[in-house]
>>> print(open('target_36.cif').read())   # mmCIF, C-alpha atoms
data_upload
loop_
_atom_site.label_atom_id
_atom_site.label_comp_id
_atom_site.auth_asym_id
_atom_site.auth_seq_id
_atom_site.Cartn_x
_atom_site.Cartn_y
_atom_site.Cartn_z
CA MET Z 1 -16.31 -4.90 19.84
CA PRO Z 2 -19.23 -5.53 17.47
CA HIS Z 3 -19.15 -8.56 15.25
CA PRO Z 4 -18.67 -8.16 11.50
CA GLN Z 5 -21.52 -7.99 9.07
CA PHE Z 6 -21.28 -10.38 6.15
CA PRO Z 7 -23.28 -8.89 3.25
CA THR Z 8 -24.42 -11.27 0.56
CA VAL Z 9 -22.27 -10.97 -2.56
CA SER Z 10 -23.01 -13.09 -5.64
CA GLY Z 11 -24.89 -15.63 -3.56
CA THR Z 12 -22.09 -16.19 -1.04
CA GLU Z 13 -21.13 -14.64 2.25
CA ALA Z 14 -18.25 -12.16 2.14
CA GLY Z 15 -16.43 -10.32 4.90
CA ARG Z 16 -13.75 -7.64 5.23
CA TRP Z 17 -11.21 -7.99 7.98
CA SER Z 18 -8.99 -5.16 9.15
CA PRO Z 19 -6.07 -4.95 11.61
CA ASP Z 20 -7.94 -3.06 14.34
CA GLY Z 21 -11.58 -4.02 13.87
CA GLN Z 22 -12.59 -0.43 13.13
CA GLY Z 23 -11.22 -0.03 9.62
CA ARG Z 24 -8.65 2.47 10.91
CA GLY Z 25 -4.98 2.43 10.02
CA THR Z 26 -2.91 1.35 13.02
CA HIS Z 27 0.63 0.18 13.69
CA LEU Z 28 0.50 -3.58 14.20
CA ALA Z 29 2.63 -4.47 17.21
CA ALA Z 30 3.10 -7.51 19.42
CA GLY Z 31 -0.20 -8.40 21.04
CA ALA Z 32 -2.22 -6.23 18.66
CA ASN Z 33 -5.73 -7.38 17.85
CA VAL Z 34 -6.43 -8.71 14.39
CA VAL Z 35 -10.21 -8.80 14.26
CA PRO Z 36 -13.07 -8.46 11.78
CA SER Z 37 -14.08 -4.99 10.67
CA ALA Z 38 -17.69 -4.05 11.34
CA THR Z 39 -17.45 -0.80 9.41
CA HIS Z 40 -17.60 -2.13 5.86
CA SER Z 41 -20.66 -3.24 3.98
CA ALA Z 42 -21.70 -3.64 0.39
CA SER Z 43 -22.90 -0.03 0.42
CA SER Z 44 -19.64 1.39 1.79
CA THR Z 45 -17.15 -0.21 -0.55
CA ARG Z 46 -13.71 1.39 -0.69
CA THR Z 47 -11.37 0.49 -3.49
CA GLU Z 48 -7.84 1.39 -4.45
CA PRO Z 49 -7.96 4.59 -6.54
CA ALA Z 50 -8.03 3.72 -10.20
CA CYS Z 51 -5.10 4.56 -12.41
CA SER Z 52 -5.99 5.98 -15.80
CA GLU Z 53 -4.68 4.14 -18.84
CA GLN Z 54 -1.11 5.23 -19.46
CA ALA Z 55 0.46 5.89 -22.83
CA ASP Z 56 3.65 4.25 -24.07
CA VAL Z 57 6.79 5.80 -22.62
CA ASN Z 58 10.13 6.19 -24.37
CA PHE Z 59 12.40 5.70 -21.38
CA PRO Z 60 14.41 2.68 -20.21
CA PRO Z 61 13.03 0.72 -17.24
CA THR Z 62 13.69 2.34 -13.87
CA LYS Z 63 15.81 0.45 -11.34
CA PRO Z 64 13.40 -0.17 -8.39
CA VAL Z 65 15.71 0.55 -5.45
CA TYR Z 66 12.74 0.59 -3.05
CA PHE Z 67 12.69 -3.23 -3.20
CA GLN Z 68 16.11 -3.38 -1.52
CA ASP Z 69 15.39 -1.51 1.72
CA THR Z 70 12.03 -0.38 3.10
CA HIS Z 71 13.80 2.15 5.32
CA CYS Z 72 15.87 3.80 2.60
CA PHE Z 73 14.43 7.31 2.46
CA THR Z 74 17.20 9.23 0.68
CA ALA Z 75 19.21 8.51 -2.45
CA GLU Z 76 20.52 10.05 -5.67
CA ALA Z 77 19.45 9.42 -9.25
CA LYS Z 78 20.03 10.80 -12.72
CA PHE Z 79 17.30 12.89 -14.32
CA LEU Z 80 16.24 11.31 -17.63
CA GLY Z 81 13.35 13.54 -18.63
CA GLN Z 82 9.73 14.35 -17.98
CA LEU Z 83 6.37 13.79 -19.61
CA GLN Z 84 2.90 15.25 -19.50
CA GLU Z 85 -0.17 13.01 -19.22
CA GLU Z 86 -3.71 14.31 -18.97
CA GLY Z 87 -2.45 17.58 -17.54
CA LYS Z 88 -0.20 15.86 -14.99
CA LEU Z 89 3.58 16.27 -15.00
CA ALA Z 90 5.80 13.24 -14.34
CA VAL Z 91 9.57 13.18 -13.79
CA ILE Z 92 11.62 10.14 -14.84
CA VAL Z 93 14.95 9.13 -13.26
CA ASP Z 94 17.25 6.15 -13.84
CA GLU Z 95 16.58 4.56 -10.42
CA SER Z 96 14.10 5.30 -7.67
CA ILE Z 97 13.42 4.74 -3.98
CA PHE Z 98 9.80 5.86 -4.46
CA TYR Z 99 7.26 3.04 -4.18
CA PRO Z 100 4.64 3.29 -6.95
CA GLN Z 101 1.04 2.62 -5.98
CA GLY Z 102 0.25 -1.05 -6.35
CA GLY Z 103 -0.69 -4.22 -4.51
CA GLY Z 104 -3.19 -2.22 -2.48
CA GLN Z 105 -0.45 0.05 -1.06
CA PRO Z 106 -0.46 3.83 -1.69
CA ALA Z 107 2.38 5.57 -3.51
CA ASP Z 108 5.20 7.29 -1.67
CA HIS Z 109 5.35 11.08 -1.42
CA GLY Z 110 8.44 13.25 -1.15
CA VAL Z 111 10.71 15.58 -3.12
CA LEU Z 112 13.30 15.54 -5.90
CA VAL Z 113 15.94 18.28 -5.63
CA SER Z 114 18.75 19.21 -8.04
CA SER Z 115 22.18 20.50 -6.97
CA SER Z 116 21.05 23.99 -8.00
CA GLY Z 117 18.05 23.81 -5.67
CA VAL Z 118 15.29 23.14 -8.20
CA THR Z 119 12.61 21.24 -6.25
CA PHE Z 120 9.89 18.91 -7.51
CA LYS Z 121 7.21 17.81 -5.04
CA VAL Z 122 6.21 14.17 -5.64
CA GLU Z 123 2.49 13.68 -4.99
CA ASP Z 124 1.89 10.35 -6.75
CA VAL Z 125 4.00 7.55 -8.22
CA ARG Z 126 3.02 4.96 -10.84
CA SER Z 127 4.85 2.26 -12.77
CA ASN Z 128 4.21 2.07 -16.51
CA GLN Z 129 5.96 -0.64 -18.51
CA GLY Z 130 8.73 -0.75 -15.92
CA VAL Z 131 9.22 3.01 -15.96
CA ILE Z 132 8.53 4.68 -12.60
CA GLN Z 133 6.72 7.97 -13.12
CA HIS Z 134 6.92 10.55 -10.32
CA TYR Z 135 3.88 12.81 -10.62
CA GLY Z 136 3.73 16.20 -8.97
CA ARG Z 137 4.73 19.82 -9.46
CA PHE Z 138 7.75 22.06 -9.25
CA ALA Z 139 7.91 24.22 -6.13
CA GLU Z 140 6.84 27.82 -6.56
CA GLY Z 141 9.73 29.83 -7.96
CA SER Z 142 11.61 26.75 -9.20
CA SER Z 143 12.63 26.29 -12.80
CA GLU Z 144 12.80 22.81 -14.36
CA PHE Z 145 15.52 20.15 -14.18
CA ALA Z 146 18.28 20.22 -16.79
CA ALA Z 147 19.42 17.26 -18.86
CA GLY Z 148 21.90 15.12 -16.94
CA ASP Z 149 21.07 16.64 -13.53
CA THR Z 150 21.83 14.49 -10.50
CA LEU Z 151 18.82 14.64 -8.20
CA SER Z 152 18.55 14.06 -4.48
CA LEU Z 153 15.52 11.87 -3.75
CA THR Z 154 13.79 12.12 -0.37
CA VAL Z 155 10.80 9.97 0.58
CA ASP Z 156 8.35 10.86 3.36
CA GLY Z 157 9.54 8.16 5.76
CA THR Z 158 6.59 8.39 8.15
CA ARG Z 159 4.10 7.81 5.35
CA ARG Z 160 6.19 4.98 3.84
CA VAL Z 161 6.54 3.08 7.12
CA LEU Z 162 2.84 3.34 7.96
CA ASN Z 163 1.82 2.15 4.49
CA ALA Z 164 4.35 -0.69 4.56
CA ARG Z 165 3.20 -1.84 8.01
CA LEU Z 166 -0.43 -1.86 6.92
CA HIS Z 167 0.51 -3.85 3.81
CA SER Z 168 2.46 -6.33 5.95
CA ALA Z 169 -0.50 -6.56 8.35
CA GLY Z 170 -2.69 -7.65 5.44
CA HIS Z 171 -0.27 -10.47 4.59
CA LEU Z 172 -0.01 -11.38 8.28
CA LEU Z 173 -3.78 -11.64 8.53
CA ASP Z 174 -3.87 -13.91 5.49
CA ASP Z 175 -1.17 -16.16 6.97
CA CYS Z 176 -3.15 -16.33 10.21
CA MET Z 177 -6.31 -17.29 8.34
CA GLY Z 178 -4.55 -20.29 6.85
CA ALA Z 179 -2.89 -21.26 10.12
CA VAL Z 180 -6.20 -21.39 12.02
CA GLY Z 181 -7.95 -23.47 9.38
CA TYR Z 182 -9.59 -20.80 7.24
CA GLY Z 183 -7.32 -20.92 4.21
CA PRO Z 184 -8.44 -20.67 0.58
CA ALA Z 185 -10.49 -23.86 0.87
CA HIS Z 186 -12.85 -21.94 3.20
CA LEU Z 187 -12.20 -18.22 2.67
CA VAL Z 188 -10.63 -16.96 -0.55
CA PRO Z 189 -8.81 -13.59 -0.32
CA THR Z 190 -10.10 -11.40 -3.15
CA LYS Z 191 -8.76 -7.92 -2.40
CA GLY Z 192 -6.34 -6.09 -0.15
CA TYR Z 193 -6.75 -2.37 0.58
CA HIS Z 194 -3.82 -1.06 2.62
CA PHE Z 195 -4.58 2.66 2.65
CA PRO Z 196 -4.56 4.29 6.13
CA ASP Z 197 -8.14 5.58 5.88
CA ALA Z 198 -9.69 2.10 6.20
CA PRO Z 199 -7.42 -0.89 5.54
CA TYR Z 200 -8.94 -4.33 5.03
CA VAL Z 201 -8.55 -7.71 3.37
CA GLU Z 202 -11.67 -8.95 1.63
CA TYR Z 203 -12.57 -12.65 1.63
CA LYS Z 204 -15.15 -14.67 -0.23
CA GLY Z 205 -16.69 -17.63 1.55
CA LYS Z 206 -18.74 -18.51 4.61
CA VAL Z 207 -18.12 -18.42 8.35
CA ASP Z 208 -20.63 -19.96 10.74
CA LYS Z 209 -21.83 -17.19 13.06
CA ALA Z 210 -21.38 -19.52 16.02
CA GLU Z 211 -17.66 -19.77 15.17
CA ILE Z 212 -16.91 -16.05 14.85
CA ASP Z 213 -15.80 -15.50 18.45
CA ASN Z 214 -13.53 -18.55 18.32
CA LEU Z 215 -12.09 -17.38 15.00
CA ILE Z 216 -11.33 -13.92 16.39
CA LEU Z 217 -9.54 -15.45 19.39
CA ALA Z 218 -7.57 -17.83 17.18
CA LEU Z 219 -6.52 -15.02 14.83
CA ASN Z 220 -5.38 -12.82 17.72
CA THR Z 221 -3.41 -15.66 19.27
CA GLU Z 222 -1.71 -16.65 16.01
CA ALA Z 223 -0.92 -13.03 15.09
CA ALA Z 224 0.67 -12.41 18.49
CA ARG Z 225 2.72 -15.61 18.12
CA LEU Z 226 4.00 -14.71 14.66
CA ILE Z 227 4.81 -11.11 15.64
CA SER Z 228 6.64 -12.27 18.76
CA ALA Z 229 8.63 -14.83 16.77
CA GLY Z 230 9.52 -12.25 14.13
CA SER Z 231 10.83 -9.76 16.69
CA GLN Z 232 13.35 -12.21 18.15
#
>>> encode(input="target_36.cif", output="structure tokens")
Amino acid sequence: MPHPQFPTVSGTEAGRWSPDGQGRGTHLAAGANVVPSATHSASSTRTEPACSEQADVNFPPTKPVYFQDTHCFTAEAKFLGQLQEEGKLAVIVDESIFYPQGGGQPADHGVLVSSSGVTFKVEDVRSNQGVIQHYGRFAEGSSEFAAGDTLSLTVDGTRRVLNARLHSAGHLLDDCMGAVGYGPAHLVPTKGYHFPDAPYVEYKGKVDKAEIDNLILALNTEAARLISAGSQ
């Protein structure tokens, strides 16, 4: 496994560390390696997709049911209305199990279906002033939802679980950094990117090259310990 490259950023050394050392999205399991990524450099920066500025919305805040259970993939909600922003259609409901993009984690995908079979494919989710906006399109041949419709919400569980695990892996890595003596006094976490294409946590600070191998070993050992303890 090649060692990480630490490109100079604003006069300091910075590094990006990912769960598998290759920048790939992987399921973090007991004994999994948590090592530096050698695939990121200043010229290959990946950032969380930007969200365009959103206009004021005239809907009450959405109840964020997704906070209650990561593995809740189906639910019902009341249709409140829809809005159009920059050519994109968004459906609003009173409560939602769909996680909106944020904190470095991608939005959930899935479908909203009425009792009459009208289907809306959710392709992006954002939160605007507490209102969760489900962006997407109605299935071909479907009409639109009617006022007061009760909708069945279904989240793509495979996508949700992978994204949640990658997000948790980022927090695990940060906990391990502190536990092995590389907390904020040495390396300051500046960004977390938990998308499956190339997840990483970015740190600002310096690591002596002579200490890199020891740091990798310490991180792997601490990660395995925490994962093992959490599974009991």
>>> residues_around(input="target_36.cif", residues="Ala218 (chain Z)", least_positions_apart="2", cutoff="12 Å", atoms="all atoms listed in the file", output="compact mmCIF listing (two decimals) with C-alpha atoms, in the coordinates of the input")
# COMPACT_ATOMS: atom_id res chain seq x y z
CA ASN Z 33 -5.73 -7.38 17.85
CA VAL Z 34 -6.43 -8.71 14.39
CA VAL Z 35 -10.21 -8.80 14.26
CA LEU Z 173 -3.78 -11.64 8.53
CA CYS Z 176 -3.15 -16.33 10.21
CA MET Z 177 -6.31 -17.29 8.34
CA GLY Z 178 -4.55 -20.29 6.85
CA ALA Z 179 -2.89 -21.26 10.12
CA VAL Z 180 -6.20 -21.39 12.02
CA GLY Z 181 -7.95 -23.47 9.38
CA TYR Z 182 -9.59 -20.80 7.24
CA GLU Z 211 -17.66 -19.77 15.17
CA ILE Z 212 -16.91 -16.05 14.85
CA ASP Z 213 -15.80 -15.50 18.45
CA ASN Z 214 -13.53 -18.55 18.32
CA LEU Z 215 -12.09 -17.38 15.00
CA ILE Z 216 -11.33 -13.92 16.39
CA ASN Z 220 -5.38 -12.82 17.72
CA THR Z 221 -3.41 -15.66 19.27
CA GLU Z 222 -1.71 -16.65 16.01
CA ALA Z 223 -0.92 -13.03 15.09
CA ALA Z 224 0.67 -12.41 18.49
CA ARG Z 225 2.72 -15.61 18.12
>>> residues_around(input="target_36.cif", residues="Tyr99 (chain Z)", least_positions_apart="3", cutoff="7 Å", atoms="all atoms listed in the file", output="PyMOL selection string")
chain Z and resi 66+107-108+125
>>> closest_residue(input="target_36.cif", among="Z:Phe120, Z:Phe195, Z:Phe145, Z:Tyr135", to="Val161 (chain Z)", atoms="all atoms listed in the file")
Z:Phe195
>>> atom_distance(input="target_36.cif", atom1="CA of Leu217 (chain Z)", atom2="CA of Asp174 (chain Z)")
15.1 Å
>>> resolve_selection(input="target_36.cif", expression="the PyMOL selection byres ((chain Z and resi 168) around 12)", output="VMD selection string")
chain Z and resid 18 to 19 26 to 29 70 103 to 105 161 to 167 169 to 175 192 to 195 199 to 201 223 227
>>> atom_distance(input="target_36.cif", atom1="CA of Ser143 (chain Z)", atom2="CA of Gly130 (chain Z)")
27.5 Å
>>> resolve_selection(input="target_36.cif", expression="the PyMOL selection byres ((chain Z and resi 132) around 8)", output="JSON, numbers by chain")
{"Z": [61, 62, 92, 93, 96, 100, 125, 126, 127, 128, 130, 131, 133, 134]}
>>> closest_residue(input="target_36.cif", among="Z:Ala90, Z:Ala210, Z:Ile97, Z:Leu80", to="Arg160 (chain Z)", atoms="all atoms listed in the file")
Z:Ile97
>>> resolve_selection(input="target_36.cif", expression="the PyMOL selection byres ((chain Z and resi 154) around 8)", output="list in words")
Phe73, Thr74, Ala75, Gly110, Val111, Leu112, Ser152, Leu153, Val155 and Asp156 of chain Z
>>> write_last_selection(input="target_36.cif", atoms="C-alpha atoms", output="PDB file, keeping the file's coordinate frame")
ATOM      1  CA  PHE Z  73      14.430   7.310   2.460  1.00  0.00           C
ATOM      2  CA  THR Z  74      17.200   9.230   0.680  1.00  0.00           C
ATOM      3  CA  ALA Z  75      19.210   8.510  -2.450  1.00  0.00           C
ATOM      4  CA  GLY Z 110       8.440  13.250  -1.150  1.00  0.00           C
ATOM      5  CA  VAL Z 111      10.710  15.580  -3.120  1.00  0.00           C
ATOM      6  CA  LEU Z 112      13.300  15.540  -5.900  1.00  0.00           C
ATOM      7  CA  SER Z 152      18.550  14.060  -4.480  1.00  0.00           C
ATOM      8  CA  LEU Z 153      15.520  11.870  -3.750  1.00  0.00           C
ATOM      9  CA  VAL Z 155      10.800   9.970   0.580  1.00  0.00           C
ATOM     10  CA  ASP Z 156       8.350  10.860   3.360  1.00  0.00           C
TER      11      ASP Z 156
END
>>> residues_around(input="target_36.cif", residues="Arg137 (chain Z)", least_positions_apart="2", cutoff="9 Å", atoms="only C-alpha atoms", output="mmCIF file with C-alpha atoms, keeping the file's coordinate frame")
data_model
loop_
_atom_site.group_PDB
_atom_site.id
_atom_site.type_symbol
_atom_site.label_atom_id
_atom_site.label_comp_id
_atom_site.auth_asym_id
_atom_site.auth_seq_id
_atom_site.Cartn_x
_atom_site.Cartn_y
_atom_site.Cartn_z
ATOM 1 C CA LYS Z 88 -0.200 15.860 -14.990
ATOM 2 C CA LEU Z 89 3.580 16.270 -15.000
ATOM 3 C CA ALA Z 90 5.800 13.240 -14.340
ATOM 4 C CA THR Z 119 12.610 21.240 -6.250
ATOM 5 C CA PHE Z 120 9.890 18.910 -7.510
ATOM 6 C CA LYS Z 121 7.210 17.810 -5.040
ATOM 7 C CA VAL Z 122 6.210 14.170 -5.640
ATOM 8 C CA GLU Z 123 2.490 13.680 -4.990
ATOM 9 C CA TYR Z 135 3.880 12.810 -10.620
ATOM 10 C CA ALA Z 139 7.910 24.220 -6.130
ATOM 11 C CA GLU Z 140 6.840 27.820 -6.560
#
>>> atom_distance(input="target_36.cif", atom1="CA of Leu187 (chain Z)", atom2="CA of Gly205 (chain Z)")
4.7 Å
>>> closest_residue(input="target_36.cif", among="Z:Pro196, Z:Gly183, Z:Gly157, Z:Pro64", to="Asp94 (chain Z)", atoms="all atoms listed in the file")
Z:Pro64
>>> residues_around(input="target_36.cif", residues="Lys78 (chain Z)", least_positions_apart="5", cutoff="8 Å", atoms="all atoms listed in the file", output="PyMOL selection string")
chain Z and resi 93-95+148-151
>>> closest_residue(input="target_36.cif", among="Z:Thr158, Z:Thr190, Z:Gln101, Z:Gln82", to="Glu144 (chain Z)", atoms="all atoms listed in the file")
Z:Gln82
